[in-house]
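Novice: Supplied structure: coords04.cif, mmCIF, C-alpha atoms.
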data_final
loop_
_atom_site.label_atom_id
_atom_site.label_comp_id
_atom_site.auth_asym_id
_atom_site.auth_seq_id
_atom_site.Cartn_x
_atom_site.Cartn_y
_atom_site.Cartn_z
CA MET A 642 221.89 87.02 -152.72
CA SER A 643 220.34 90.43 -152.17
CA ILE A 644 218.90 91.60 -155.49
CA ARG A 645 217.74 94.73 -153.68
CA HIS A 646 221.26 95.83 -152.83
CA ALA A 647 222.70 94.70 -156.13
CA LEU A 648 220.22 96.98 -157.91
CA LEU A 649 221.09 99.86 -155.57
CA ALA A 650 224.77 99.30 -156.39
CA LEU A 651 224.08 99.47 -160.13
CA LEU A 652 222.02 102.65 -159.67
CA SER A 653 224.77 104.26 -157.60
CA GLU A 654 226.74 104.46 -160.89
CA GLY A 655 223.98 106.63 -162.43
CA PRO A 656 220.32 106.48 -163.52
CA LYS A 657 219.32 103.36 -165.46
CA TYR A 658 216.32 101.72 -167.12
CA GLY A 659 214.70 98.53 -165.82
CA LEU A 660 215.85 96.38 -168.71
CA GLN A 661 219.38 97.77 -168.49
CA LEU A 662 219.48 96.93 -164.76
CA ARG A 663 218.58 93.33 -165.43
CA GLU A 664 221.21 92.96 -168.16
CA GLU A 665 223.92 94.58 -166.06
CA PHE A 666 223.04 92.48 -163.00
CA GLU A 667 223.49 89.29 -165.01
CA ALA A 668 226.67 90.52 -166.65
CA ARG A 669 228.23 91.49 -163.28
CA THR A 670 227.41 88.17 -161.65
CA CYS A 671 228.72 86.42 -164.77
CA GLU A 672 225.29 84.90 -165.42
CA VAL A 673 225.86 82.61 -162.46
CA TRP A 674 222.70 84.11 -160.97
CA PRO A 675 220.21 84.52 -163.79
CA LEU A 676 217.31 86.82 -162.92
CA ASN A 677 213.83 86.85 -164.30
CA VAL A 678 212.34 90.16 -165.41
CA GLY A 679 209.57 90.03 -162.84
CA GLN A 680 212.08 89.89 -159.95
CA VAL A 681 213.77 93.05 -161.14
CA TYR A 682 210.58 95.08 -161.48
CA THR A 683 209.03 93.86 -158.22
CA THR A 684 212.23 94.74 -156.40
CA LEU A 685 212.39 98.18 -158.05
CA GLN A 686 208.77 98.89 -156.99
CA ARG A 687 209.63 98.01 -153.39
CA LEU A 688 212.77 100.15 -153.47
CA GLU A 689 210.67 103.07 -154.76
CA ARG A 690 208.02 102.49 -152.10
CA ASP A 691 210.73 102.58 -149.41
CA GLY A 692 212.16 105.83 -150.82
CA LEU A 693 215.51 104.26 -151.76
CA VAL A 694 215.11 104.92 -155.51
CA GLU A 695 213.10 107.40 -157.58
CA SER A 696 211.58 106.88 -161.02
CA ASN A 697 211.02 109.30 -163.86
CA ASP A 698 207.26 108.67 -164.20
CA GLU A 699 204.22 107.42 -162.35
CA GLY A 700 203.46 104.31 -164.48
CA ASP A 701 204.22 100.64 -163.71
CA ALA A 702 207.83 99.58 -163.56
CA GLY A 703 208.70 98.42 -167.08
CA PRO A 704 211.71 98.12 -169.38
CA GLN A 705 211.60 101.81 -170.40
CA LYS A 706 211.05 103.30 -166.96
CA GLY A 707 214.17 105.05 -165.64
CA PHE A 708 215.38 104.87 -162.02
CA ARG A 709 217.91 106.73 -159.92
CA ILE A 710 219.18 106.15 -156.39
CA THR A 711 218.17 108.54 -153.57
CA ALA A 712 220.38 109.74 -150.68
CA GLY A 713 218.53 107.24 -148.49
CA GLY A 714 219.35 104.50 -151.02
CA ALA A 715 223.04 105.39 -151.03
CA GLU A 716 223.08 105.27 -147.23
CA GLU A 717 221.32 101.88 -147.22
CA LEU A 718 223.88 100.51 -149.71
CA ALA A 719 226.88 101.79 -147.73
CA GLY A 720 225.49 100.22 -144.55
CA TRP A 721 224.78 96.87 -146.26
CA LEU A 722 228.26 96.59 -147.75
CA ARG A 723 229.77 96.81 -144.28
CA THR A 724 227.29 94.62 -142.42
CA PRO A 725 228.77 91.15 -141.87
CA PRO A 726 226.48 88.30 -142.89
CA ASP A 727 225.31 86.10 -140.01
CA LEU A 728 228.07 83.53 -139.70
CA ALA A 729 227.95 83.37 -135.91
CA SER A 730 225.36 80.62 -135.47
CA PRO A 731 226.31 77.26 -136.99
CA PRO A 732 223.93 76.56 -139.85
CA ARG A 733 221.87 73.35 -139.82
CA ASP A 734 224.19 71.92 -142.43
CA GLU A 735 222.67 68.95 -144.25
CA LEU A 736 226.05 67.30 -144.85
CA VAL A 737 227.07 67.58 -141.18
CA ILE A 738 223.76 66.04 -140.18
CA LYS A 739 224.20 63.16 -142.65
CA VAL A 740 227.66 62.36 -141.30
CA LEU A 741 226.41 62.61 -137.69
CA ILE A 742 223.67 60.13 -138.53
CA ALA A 743 225.91 57.80 -140.56
CA VAL A 744 228.44 57.52 -137.70
CA ARG A 745 225.76 56.13 -135.36
CA LEU A 746 223.80 53.99 -137.80
CA PRO A 747 224.51 50.25 -137.61
CA GLY A 748 225.47 48.65 -140.93
CA VAL A 749 226.53 51.95 -142.50
CA ASP A 750 230.18 52.55 -143.41
CA VAL A 751 230.56 56.21 -142.52
CA HIS A 752 233.87 56.42 -144.43
CA GLU A 753 232.14 55.30 -147.58
CA VAL A 754 229.44 57.93 -147.02
CA ILE A 755 232.15 60.57 -146.50
CA GLN A 756 233.97 59.49 -149.67
CA ALA A 757 230.78 59.72 -151.75
CA HIS A 758 230.39 63.36 -150.67
CA ARG A 759 234.10 64.07 -151.09
CA ARG A 760 234.03 62.78 -154.65
CA TYR A 761 230.96 64.83 -155.51
CA LEU A 762 232.55 68.00 -154.09
CA VAL A 763 235.83 67.44 -155.97
CA GLU A 764 233.88 66.88 -159.21
CA LEU A 765 232.09 70.18 -158.62
CA MET A 766 235.44 71.88 -157.92
CA GLN A 767 236.81 70.46 -161.18
CA GLN A 768 233.98 72.18 -163.05
CA TRP A 769 234.64 75.52 -161.34
CA THR A 770 238.37 75.19 -161.96
CA ARG A 771 237.70 74.47 -165.64
CA LEU A 772 235.67 77.69 -165.77
CA LYS A 773 238.56 79.60 -164.16
CA GLU A 774 241.04 77.96 -166.53
CA GLU A 775 239.04 79.07 -169.55
CA GLU A 776 237.76 82.50 -168.58
CA GLY A 777 238.90 83.48 -165.10
CA ASP A 778 241.83 85.54 -166.29
CA VAL A 779 239.76 87.56 -168.71
CA ASP A 780 236.83 88.38 -166.47
CA LEU A 781 237.58 89.76 -163.00
CA GLY A 782 234.01 89.27 -161.74
CA LEU A 783 233.95 85.66 -162.81
CA GLY A 784 237.37 85.05 -161.28
CA LEU A 785 236.09 86.35 -157.93
CA VAL A 786 232.93 84.23 -158.05
CA VAL A 787 234.88 81.09 -158.98
CA ASP A 788 237.43 81.62 -156.19
CA ALA A 789 234.62 82.08 -153.65
CA GLU A 790 232.97 78.81 -154.74
CA LEU A 791 236.29 76.92 -154.77
CA TYR A 792 237.20 78.07 -151.25
CA ARG A 793 233.70 77.28 -149.98
CA LEU A 794 233.74 73.75 -151.46
CA ASP A 795 237.36 73.24 -150.38
CA SER A 796 236.44 74.04 -146.78
CA VAL A 797 233.76 71.34 -146.91
CA VAL A 798 236.26 68.79 -148.30
CA ARG A 799 238.68 69.72 -145.51
CA TRP A 800 235.96 69.22 -142.95
CA LEU A 801 235.20 65.78 -144.46
CA ASP A 802 238.92 64.86 -144.34
CA THR A 803 239.11 65.96 -140.71
CA ALA A 804 235.90 64.11 -139.83
CA ASP A 805 237.21 60.98 -141.57
CA GLY A 806 240.41 61.09 -139.49
CA ARG A 807 238.59 61.91 -136.26
CA ILE A 808 236.17 59.01 -136.71
CA ARG A 809 239.05 56.60 -137.47
CA ARG A 810 240.93 57.70 -134.36
CA ALA A 811 237.79 57.45 -132.24
CA ALA A 812 237.33 53.84 -133.37
CA PHE A 813 240.73 52.96 -131.86
CA ASP A 814 240.58 55.26 -128.90
CA PRO A 815 236.98 56.20 -127.99
CA PRO A 816 236.73 59.64 -126.34
CA ALA A 817 235.85 59.69 -122.64
CA PRO A 818 232.20 60.56 -121.90
CA VAL A 819 231.65 64.25 -121.18
CA SER A 820 230.29 64.97 -117.72
CA ALA A 821 230.47 68.76 -117.95
CA PRO A 822 227.22 70.72 -118.47
CA VAL A 823 226.06 70.88 -122.09
CA PRO A 824 227.64 74.04 -123.45
CA GLN A 825 225.65 76.68 -125.26
CA ILE A 826 227.30 75.91 -128.61
CA ARG A 827 226.03 72.32 -128.49
CA ARG A 828 222.43 73.48 -128.26
CA ARG A 829 222.93 76.14 -130.93
CA ALA A 830 224.44 73.61 -133.30
CA GLY A 831 221.49 71.29 -132.75
CA VAL A 832 223.74 68.44 -131.58
CA ARG A 833 222.10 65.99 -129.21
CA ARG A 834 223.95 63.33 -127.28
CA MET B 595 244.05 50.79 -177.99
CA THR B 596 245.74 53.96 -176.75
CA THR B 597 248.89 53.39 -174.81
CA GLY B 598 249.18 55.44 -171.68
CA VAL B 599 252.37 57.40 -170.99
CA LEU B 600 252.10 55.64 -167.67
CA GLU B 601 250.40 52.38 -166.79
CA LEU B 602 250.37 50.72 -163.42
CA ARG B 603 248.97 47.20 -163.54
CA ARG B 604 248.03 45.61 -160.22
CA VAL B 605 251.01 47.25 -158.57
CA SER B 606 251.70 46.40 -154.94
CA LYS B 607 254.52 47.53 -152.68
CA THR B 608 255.27 45.94 -149.34
CA TYR B 609 257.95 47.12 -146.93
CA LEU B 610 259.30 45.28 -143.96
CA ASP B 611 259.21 47.31 -140.78
CA GLY B 612 261.06 45.02 -138.38
CA ALA B 613 258.98 41.85 -138.43
CA ASP B 614 255.87 43.67 -139.68
CA GLU B 615 254.83 43.89 -143.32
CA VAL B 616 253.64 47.34 -144.35
CA HIS B 617 251.43 47.37 -147.43
CA ALA B 618 252.17 50.75 -148.96
CA LEU B 619 250.33 49.96 -152.22
CA ARG B 620 247.82 47.22 -152.90
CA GLU B 621 246.96 46.15 -156.46
CA VAL B 622 246.86 49.65 -157.89
CA ASP B 623 245.67 50.06 -161.49
CA LEU B 624 246.22 53.46 -163.06
CA THR B 625 246.59 54.66 -166.65
CA VAL B 626 247.62 58.19 -167.63
CA GLU B 627 247.00 59.03 -171.28
CA PRO B 628 249.12 61.57 -173.17
CA GLY B 629 247.76 65.09 -172.67
CA ARG B 630 245.99 64.22 -169.40
CA MET B 631 246.54 65.27 -165.83
CA VAL B 632 245.58 62.78 -163.14
CA ALA B 633 245.50 63.81 -159.50
CA VAL B 634 246.02 61.24 -156.78
CA MET B 635 244.37 62.48 -153.62
CA GLY B 636 244.68 60.99 -150.17
CA PRO B 637 245.74 61.72 -146.60
CA SER B 638 249.36 61.42 -145.49
CA GLY B 639 250.43 57.79 -145.18
CA SER B 640 247.88 56.66 -147.79
CA GLY B 641 250.56 55.53 -150.25
CA LYS B 642 250.42 58.41 -152.71
CA SER B 643 254.12 59.27 -152.52
CA THR B 644 255.06 55.58 -152.90
CA LEU B 645 252.87 55.48 -156.00
CA LEU B 646 254.84 58.42 -157.41
CA THR B 647 258.27 56.95 -156.69
CA ILE B 648 257.25 53.66 -158.32
CA ALA B 649 255.74 55.47 -161.32
CA GLY B 650 258.99 57.41 -161.62
CA ALA B 651 261.13 54.25 -161.64
CA LEU B 652 262.82 55.35 -158.41
CA GLU B 653 261.56 52.24 -156.63
CA THR B 654 260.48 48.83 -157.90
CA PRO B 655 257.12 47.30 -157.01
CA THR B 656 256.84 44.09 -155.00
CA ALA B 657 254.24 42.82 -157.49
CA GLY B 658 252.60 44.07 -160.66
CA GLU B 659 253.87 45.89 -163.70
CA VAL B 660 254.81 49.50 -164.49
CA LEU B 661 254.98 50.73 -168.10
CA VAL B 662 256.29 54.14 -169.15
CA GLY B 663 255.57 55.09 -172.74
CA GLY B 664 254.51 51.49 -173.33
CA HIS B 665 257.85 50.06 -172.09
CA PRO B 666 257.67 47.71 -169.10
CA LEU B 667 260.20 48.76 -166.44
CA GLY B 668 260.50 45.31 -164.85
CA PRO B 669 262.77 43.62 -167.42
CA MET B 670 264.95 46.74 -167.95
CA SER B 671 268.53 46.86 -166.73
CA ARG B 672 269.44 49.45 -164.09
CA ASP B 673 271.15 51.59 -166.71
CA ASP B 674 268.19 51.48 -169.06
CA ARG B 675 265.87 52.45 -166.25
CA ALA B 676 268.13 55.34 -165.29
CA ARG B 677 268.22 56.51 -168.92
CA LEU B 678 264.43 56.36 -169.15
CA ARG B 679 264.18 58.34 -165.91
CA ARG B 680 266.43 61.07 -167.32
CA ARG B 681 264.85 61.22 -170.76
CA ALA B 682 261.17 60.55 -170.36
CA ILE B 683 260.23 61.54 -166.82
CA GLY B 684 260.24 64.94 -165.15
CA TYR B 685 259.82 65.46 -161.41
CA VAL B 686 258.44 68.43 -159.50
CA PHE B 687 258.68 68.48 -155.71
CA GLN B 688 257.16 70.71 -153.06
CA ASP B 689 260.55 72.12 -152.09
CA PHE B 690 261.69 72.72 -155.71
CA ASN B 691 264.96 70.69 -155.39
CA LEU B 692 267.02 73.10 -157.49
CA LEU B 693 270.79 72.91 -157.17
CA PRO B 694 271.84 76.12 -155.36
CA GLY B 695 275.23 76.42 -157.10
CA LEU B 696 273.73 76.46 -160.60
CA THR B 697 271.81 79.23 -162.36
CA ALA B 698 268.21 78.73 -163.46
CA ALA B 699 269.36 77.93 -167.03
CA GLU B 700 272.03 75.50 -165.78
CA ASN B 701 269.50 73.76 -163.53
CA VAL B 702 267.14 73.28 -166.48
CA ALA B 703 269.91 72.14 -168.85
CA LEU B 704 271.44 69.70 -166.34
CA PRO B 705 269.26 66.63 -167.08
CA LEU B 706 269.98 67.00 -170.82
CA GLU B 707 273.72 67.29 -170.21
CA LEU B 708 273.64 64.25 -167.91
CA ASP B 709 271.95 62.46 -170.77
CA GLY B 710 274.91 63.17 -173.05
CA LEU B 711 273.73 66.24 -174.93
CA SER B 712 276.48 68.80 -175.59
CA ALA B 713 276.60 71.70 -173.12
CA GLY B 714 275.71 74.18 -175.88
CA LYS B 715 272.67 72.28 -177.10
CA ALA B 716 271.51 71.59 -173.56
CA ARG B 717 271.81 75.29 -172.72
CA THR B 718 269.80 76.28 -175.81
CA ALA B 719 267.03 73.81 -174.94
CA GLY B 720 267.10 75.00 -171.32
CA LEU B 721 266.78 78.64 -172.30
CA ARG B 722 263.91 77.81 -174.63
CA ALA B 723 262.07 75.94 -171.84
CA LEU B 724 262.56 78.89 -169.49
CA ALA B 725 261.33 81.35 -172.13
CA GLU B 726 258.20 79.27 -172.68
CA LEU B 727 257.41 79.60 -168.98
CA GLY B 728 257.99 83.37 -169.02
CA LEU B 729 261.35 83.14 -167.23
CA ALA B 730 263.75 84.25 -169.99
CA ASP B 731 264.98 87.19 -167.89
CA ARG B 732 265.67 84.94 -164.89
CA ALA B 733 267.93 82.51 -166.75
CA SER B 734 271.21 83.62 -165.18
CA ARG B 735 269.93 84.01 -161.65
CA PHE B 736 270.74 81.55 -158.89
CA PRO B 737 267.88 79.87 -156.99
CA ASP B 738 268.35 82.10 -153.93
CA GLN B 739 267.84 85.13 -156.16
CA LEU B 740 264.41 83.87 -157.25
CA SER B 741 261.05 84.03 -155.48
CA GLY B 742 259.33 80.78 -154.44
CA GLY B 743 256.96 80.95 -157.41
CA GLU B 744 259.85 81.52 -159.82
CA ARG B 745 261.83 78.63 -158.34
CA GLN B 746 258.91 76.27 -158.86
CA ARG B 747 258.50 77.52 -162.45
CA VAL B 748 262.20 76.80 -163.05
CA ALA B 749 261.63 73.32 -161.57
CA ILE B 750 258.76 72.81 -164.03
CA ALA B 751 260.95 73.96 -166.92
CA ARG B 752 263.53 71.37 -165.81
CA ALA B 753 260.81 68.72 -165.61
CA VAL B 754 259.46 69.34 -169.12
CA VAL B 755 262.70 70.18 -170.98
CA GLY B 756 263.70 67.91 -173.87
CA ASP B 757 261.58 64.99 -174.87
CA ARG B 758 259.73 64.28 -171.63
CA ARG B 759 256.52 62.31 -171.76
CA LEU B 760 255.61 62.03 -168.10
CA LEU B 761 255.53 64.69 -165.42
CA LEU B 762 255.33 63.55 -161.79
CA ALA B 763 254.56 66.16 -159.16
CA ASP B 764 254.42 65.75 -155.38
CA GLU B 765 252.42 68.58 -153.73
CA PRO B 766 253.91 71.03 -156.27
CA THR B 767 252.14 74.08 -154.84
CA GLY B 768 252.55 73.20 -151.17
CA ALA B 769 255.09 75.91 -150.44
CA LEU B 770 253.44 78.64 -152.55
CA ASP B 771 250.72 81.23 -152.01
CA SER B 772 247.48 80.83 -153.93
CA ALA B 773 248.39 83.07 -156.90
CA ASN B 774 251.73 81.31 -157.45
CA GLY B 775 250.11 77.93 -156.85
CA GLU B 776 247.57 78.67 -159.54
CA ALA B 777 250.32 79.80 -161.93
CA VAL B 778 252.16 76.50 -161.35
CA MET B 779 249.03 74.46 -162.07
CA ARG B 780 248.41 76.43 -165.26
CA LEU B 781 251.96 75.61 -166.38
CA ILE B 782 251.51 71.90 -165.71
CA LEU B 783 248.25 72.07 -167.64
CA THR B 784 250.00 73.80 -170.54
CA ALA B 785 252.62 71.04 -170.56
CA CYS B 786 249.79 68.49 -170.72
CA LYS B 787 248.20 70.31 -173.64
CA ARG B 788 251.48 69.79 -175.49
CA GLY B 789 251.07 66.04 -175.03
CA LEU B 790 252.72 65.20 -171.69
CA GLY B 791 250.89 63.03 -169.22
CA ALA B 792 251.02 64.24 -165.61
CA VAL B 793 250.42 62.71 -162.19
CA VAL B 794 250.00 65.13 -159.32
CA VAL B 795 249.76 63.73 -155.82
CA THR B 796 248.21 65.93 -153.20
CA HIS B 797 245.93 66.13 -150.19
CA ASP B 798 244.60 69.48 -151.44
CA ALA B 799 241.24 69.44 -153.23
CA GLN B 800 241.82 72.82 -154.93
CA LEU B 801 245.02 71.52 -156.46
CA ALA B 802 243.41 68.21 -157.45
CA SER B 803 240.54 70.03 -159.13
CA TRP B 804 242.88 71.15 -161.94
CA ALA B 805 243.18 67.52 -163.06
CA ASP B 806 241.17 65.77 -165.75
CA ARG B 807 240.67 62.86 -163.37
CA VAL B 808 241.05 62.49 -159.63
CA VAL B 809 241.68 59.12 -158.00
CA PHE B 810 241.31 58.73 -154.26
CA ILE B 811 243.82 56.57 -152.43
CA ARG B 812 243.46 55.20 -148.94
CA ASP B 813 245.62 52.61 -147.14
CA GLY B 814 247.49 51.88 -150.37
CA ARG B 815 244.36 51.14 -152.38
CA ILE B 816 242.55 53.23 -154.96
CA VAL B 817 239.11 53.45 -153.41
CA ASP B 818 237.31 55.82 -155.75
CA ARG B 819 237.69 58.06 -158.80
CA THR B 820 235.85 61.03 -160.22
CA ALA B 821 233.59 60.74 -163.22
CA PRO B 822 234.93 62.13 -166.52
CA ARG B 823 235.18 65.86 -166.17
CA PRO B 824 232.10 67.69 -167.45
CA GLY B 825 232.38 71.10 -169.06
CA PRO B 826 231.79 74.27 -167.04
CA ASP B 827 228.50 75.03 -168.82
CA SER B 828 226.67 72.80 -166.37
CA LEU B 829 227.40 75.40 -163.66
CA LEU B 830 225.76 78.24 -165.52
CA ALA B 831 222.38 76.63 -165.99
CA GLY B 832 221.33 77.40 -162.39
CA GLU B 833 217.91 78.41 -161.14
CA PRO B 834 217.07 82.13 -161.18
CA ALA B 835 218.25 84.00 -158.07
CA ARG B 836 215.70 84.62 -155.34
#
Would it be possible to restate this file's structure as structure tokens?
Specialist:
Amino acid sequence: MSIRHALLALLSEGPKYGLQLREEFEARTCEVWPLNVGQVYTTLQRLERDGLVESNDEGDAGPQKGFRITAGGAEELAGWLRTPPDLASPPRDELVIKVLIAVRLPGVDVHEVIQAHRRYLVELMQQWTRLKEEEGDVDLGLGLVVDAELYRLDSVVRWLDTADGRIRRAAFDPPAPVSAPVPQIRRRAGVRR
Amino acid sequence: MTTGVLELRRVSKTYLDGADEVHALREVDLTVEPGRMVAVMGPSGSGKSTLLTIAGALETPTAGEVLVGGHPLGPMSRDDRARLRRRAIGYVFQDFNLLPGLTAAENVALPLELDGLSAGKARTAGLRALAELGLADRASRFPDQLSGGERQRVAIARAVVGDRRLLLADEPTGALDSANGEAVMRLILTACKRGLGAVVVTHDAQLASWADRVVFIRDGRIVDRTAPRPGPDSLLAGEPAR
């Protein structure tokens, strides 16, 4: 989560005080990402140093100090909004690694390991859905955050389901050994044979 | 002791496929209390649809006992079982299963009429059920004049109309987009809040996450279940953002 760009976004609506920025940040992210005061002021100081915001006095950043966005800040924000996050390289996903290990480890039932994670994820999804059920219709921001979490967790459950099926099929019909050169993606994903 | 609207006690179902025995369900225990939604989650072929047809008195188990509203189905005559199916149990399917020659109101009133209620009273109850689901202005439309989401809402009205105690749903949002799917789940939840018990079978975790409890079925056996559902507050007590 980029606090830097979130603060720029709030300032693009008009000049604001430090304390106000913190309150609005928390309100917009539905308090899912609580901020401490220090993070807000440190970030504002850096933004000022980089010429992306201006303040109304020379003192330390504090609750009563006002800030406004500069032209450079507006440009930075516009660029950030349109820059895709790095989704190209597979992350070193802890869950993927656990399943990869469990499938090779003697005496470990990989399906039982998968089910333990599946259950945990579904329990988490139940909590998010409860939040949506209670407040999602009233609060657009919260609705968006909850949907993002549900789709993210759902994609992990789907991967577990697919892995479960693939491992079951492989037990009956083991895949032929690969003789082709190790493709780039294998090294990037950190998978070793 | 609270009686569940549905209780399955060590229910097994075995089919014969040629000379082979297929164990569709193995010693399944499941209780659904009034006002609760239980999701049964599993891959295709895991036995979840068989569980639903047995819970709905559409099939009989090979072993074990099924109780609906505290009444064991085993000793009932065929007619009694059929009456219980019409009166106490509502079904929602992925493909809506509305009769194309009947209007929305007629579709909803049909199970009441089949149960011997006069056409006028059945129609009144049907219209009321439609109105409660926000479909009052669709009452005289035919299924092919309704959108997919509206058709499924009519199917839910038909499933909850009258004095139903148990709602059984098989992938009820499978044919719908996410907004309509969510609307359908909210309606099922509303029905539960009025005291119905619901069983939703699905392979979809987002759908299952609407339930109070999720049981996981695999090869005909319940292999796991979620812990009682905690409140959403636990999500908001996260660490400060970095």
Novice: Go through B:Gln688, B:Ala649, B:Val755, B:Ala633 and flag the residue nearest chain A, using all atoms listed in the file for the distances.
Specialist: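 Smallest separation from chain A among the options: B:Ala633.
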Novice: Using only C-alpha atoms, determine which residues lie at most 10 Å from Val599 (chain B), disregarding the query and same-chain residues fewer than 5 positions distant; provide the list as a list of chain:residue names.
Specialist: B:Thr625, B:Val626, B:Glu627, B:Pro628, B:Gly629, B:Arg630, B:Leu661, B:Val662, B:Gly663, B:Gly664, B:His665, B:Ala682, B:Ile683, B:Arg759, B:Leu760, B:Leu761, B:Gly789, B:Leu790, B:Gly791, B:Ala792
Novice: Determine which residues of chain A sit within 8 Å of chain B, taking into account only C-alpha atoms, and present them as a PyMOL selection string.
Specialist: chain A and resi 642+644+672-677+680+756+760-761+763-764+766-772+774+791-792+795+798+802
Novice: Please write as a ChimeraX atom specification the full residue list that the PyMOL selection byres ((chain B and resi 701) around 12) yields on this file.
Specialist: /B:690-700,702-708,716-717,719-721,723-724,732-737,745-753,755
Novice: What is the distance between CA of Asp771 (chain B) and CA of Phe687 (chain B), in Å to one decimal?
Specialist: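 Taking CA of Asp771 (chain B) and CA of Phe687 (chain B), their separation equals 15.5 Å.
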Novice: Written as a list in words, what is the full residue list that the PyMOL selection byres ((chain A and resi 708) around 10) yields on the file shown?
Specialist: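 Applying the PyMOL selection byres ((chain A and resi 708) around 10) to the structure shown produces Leu649, Leu652, Gly655, Pro656, Lys657, Tyr658, Gly659, Leu662, Leu685, Glu689, Val694, Glu695, Ser696, Asn697, Asp698, Ala702, Gln705, Lys706, Gly707, Arg709, Ile710 and Thr711 of chain A.
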Novice: Neighbourhood query: residues within 12 Å of (263.6, 49.5, -154.8), file coordinates, counting all atoms listed in the file; return as a ChimeraX atom specification.
Specialist: /B:607-609,644,647-657,668,672
Novice: Quick one, how far is CA of Thr724 (chain A) from CA of Val787 (chain A)?
Specialist: 22.7 Å
Novice: What separation in Å, quoted to one decimal, exists between CA of Ala730 (chain B) and CA of Ser772 (chain B)?
Specialist: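 Atom-to-atom, CA of Ala730 (chain B) to CA of Ser772 (chain B), that is 23.1 Å.
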Novice: Counting only C-alpha atoms, figure out which residue out of A:Val681, A:Ala715, A:His752, A:Arg810 gets nearest to Glu654 (chain A).
Specialist: A:Ala715
Novice: Counting only C-alpha atoms, which residue out of B:Ala785, B:Ala676, B:Ala618, B:Leu600 sits closest to Leu645 (chain B)?
Specialist: B:Ala618
Novice: Could you tell me, as a list in words, exactly which residues end up selected when the PyMOL selection byres ((chain B and resi 621) around 8) is applied to this structure?
Specialist: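 Here the PyMOL selection byres ((chain B and resi 621) around 8) matches Arg603, Arg604, Val605, Ser606, Leu619, Arg620, Val622, Asp623, Gly658 and Arg815 of chain B.
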Novice: Tell me, as a list in words, which residues lie within 10 Å of Lys739 (chain A), counting only C-alpha atoms; anything in the same chain fewer than 3 positions away does not count.
Specialist: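 Skipping anything fewer than 3 positions along the chain leaves Asp734, Glu735, Leu736, Ile742, Ala743, Val744, Val751, Val754 and Ile755 of chain A.
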Novice: N, CA and C atoms are needed for region 740-752 of chain A; please write them out as a PDB file, in the frame of the given file.
Specialist:
ATOM      1  N   VAL A 740     226.506  63.055-141.863  1.00  0.00           N
ATOM      2  CA  VAL A 740     227.660  62.360-141.300  1.00  0.00           C
ATOM      3  C   VAL A 740     227.389  61.984-139.835  1.00  0.00           C
ATOM      4  N   LEU A 741     226.750  62.909-139.090  1.00  0.00           N
ATOM      5  CA  LEU A 741     226.410  62.610-137.690  1.00  0.00           C
ATOM      6  C   LEU A 741     225.495  61.394-137.601  1.00  0.00           C
ATOM      7  N   ILE A 742     224.575  61.276-138.528  1.00  0.00           N
ATOM      8  CA  ILE A 742     223.670  60.130-138.530  1.00  0.00           C
ATOM      9  C   ILE A 742     224.413  58.864-138.944  1.00  0.00           C
ATOM     10  N   ALA A 743     225.215  58.980-140.023  1.00  0.00           N
ATOM     11  CA  ALA A 743     225.910  57.800-140.560  1.00  0.00           C
ATOM     12  C   ALA A 743     226.845  57.175-139.524  1.00  0.00           C
ATOM     13  N   VAL A 744     227.457  58.025-138.672  1.00  0.00           N
ATOM     14  CA  VAL A 744     228.440  57.520-137.700  1.00  0.00           C
ATOM     15  C   VAL A 744     227.762  56.657-136.635  1.00  0.00           C
ATOM     16  N   ARG A 745     226.483  56.886-136.409  1.00  0.00           N
ATOM     17  CA  ARG A 745     225.760  56.130-135.360  1.00  0.00           C
ATOM     18  C   ARG A 745     224.964  54.961-135.919  1.00  0.00           C
ATOM     19  N   LEU A 746     224.732  54.955-137.220  1.00  0.00           N
ATOM     20  CA  LEU A 746     223.800  53.990-137.800  1.00  0.00           C
ATOM     21  C   LEU A 746     224.468  52.640-137.996  1.00  0.00           C
ATOM     22  N   PRO A 747     223.900  51.561-137.417  1.00  0.00           N
ATOM     23  CA  PRO A 747     224.510  50.250-137.610  1.00  0.00           C
ATOM     24  C   PRO A 747     224.446  49.836-139.085  1.00  0.00           C
ATOM     25  N   GLY A 748     225.478  49.145-139.551  1.00  0.00           N
ATOM     26  CA  GLY A 748     225.470  48.650-140.930  1.00  0.00           C
ATOM     27  C   GLY A 748     225.835  49.679-141.963  1.00  0.00           C
ATOM     28  N   VAL A 749     226.148  50.919-141.538  1.00  0.00           N
ATOM     29  CA  VAL A 749     226.530  51.950-142.500  1.00  0.00           C
ATOM     30  C   VAL A 749     228.018  52.243-142.338  1.00  0.00           C
ATOM     31  N   ASP A 750     228.758  52.191-143.446  1.00  0.00           N
ATOM     32  CA  ASP A 750     230.180  52.550-143.410  1.00  0.00           C
ATOM     33  C   ASP A 750     230.295  54.057-143.591  1.00  0.00           C
ATOM     34  N   VAL A 751     230.538  54.738-142.491  1.00  0.00           N
ATOM     35  CA  VAL A 751     230.560  56.210-142.520  1.00  0.00           C
ATOM     36  C   VAL A 751     231.660  56.730-143.459  1.00  0.00           C
ATOM     37  N   HIS A 752     232.768  55.976-143.560  1.00  0.00           N
ATOM     38  CA  HIS A 752     233.870  56.420-144.430  1.00  0.00           C
ATOM     39  C   HIS A 752     233.460  56.375-145.892  1.00  0.00           C
TER      40      HIS A 752
END
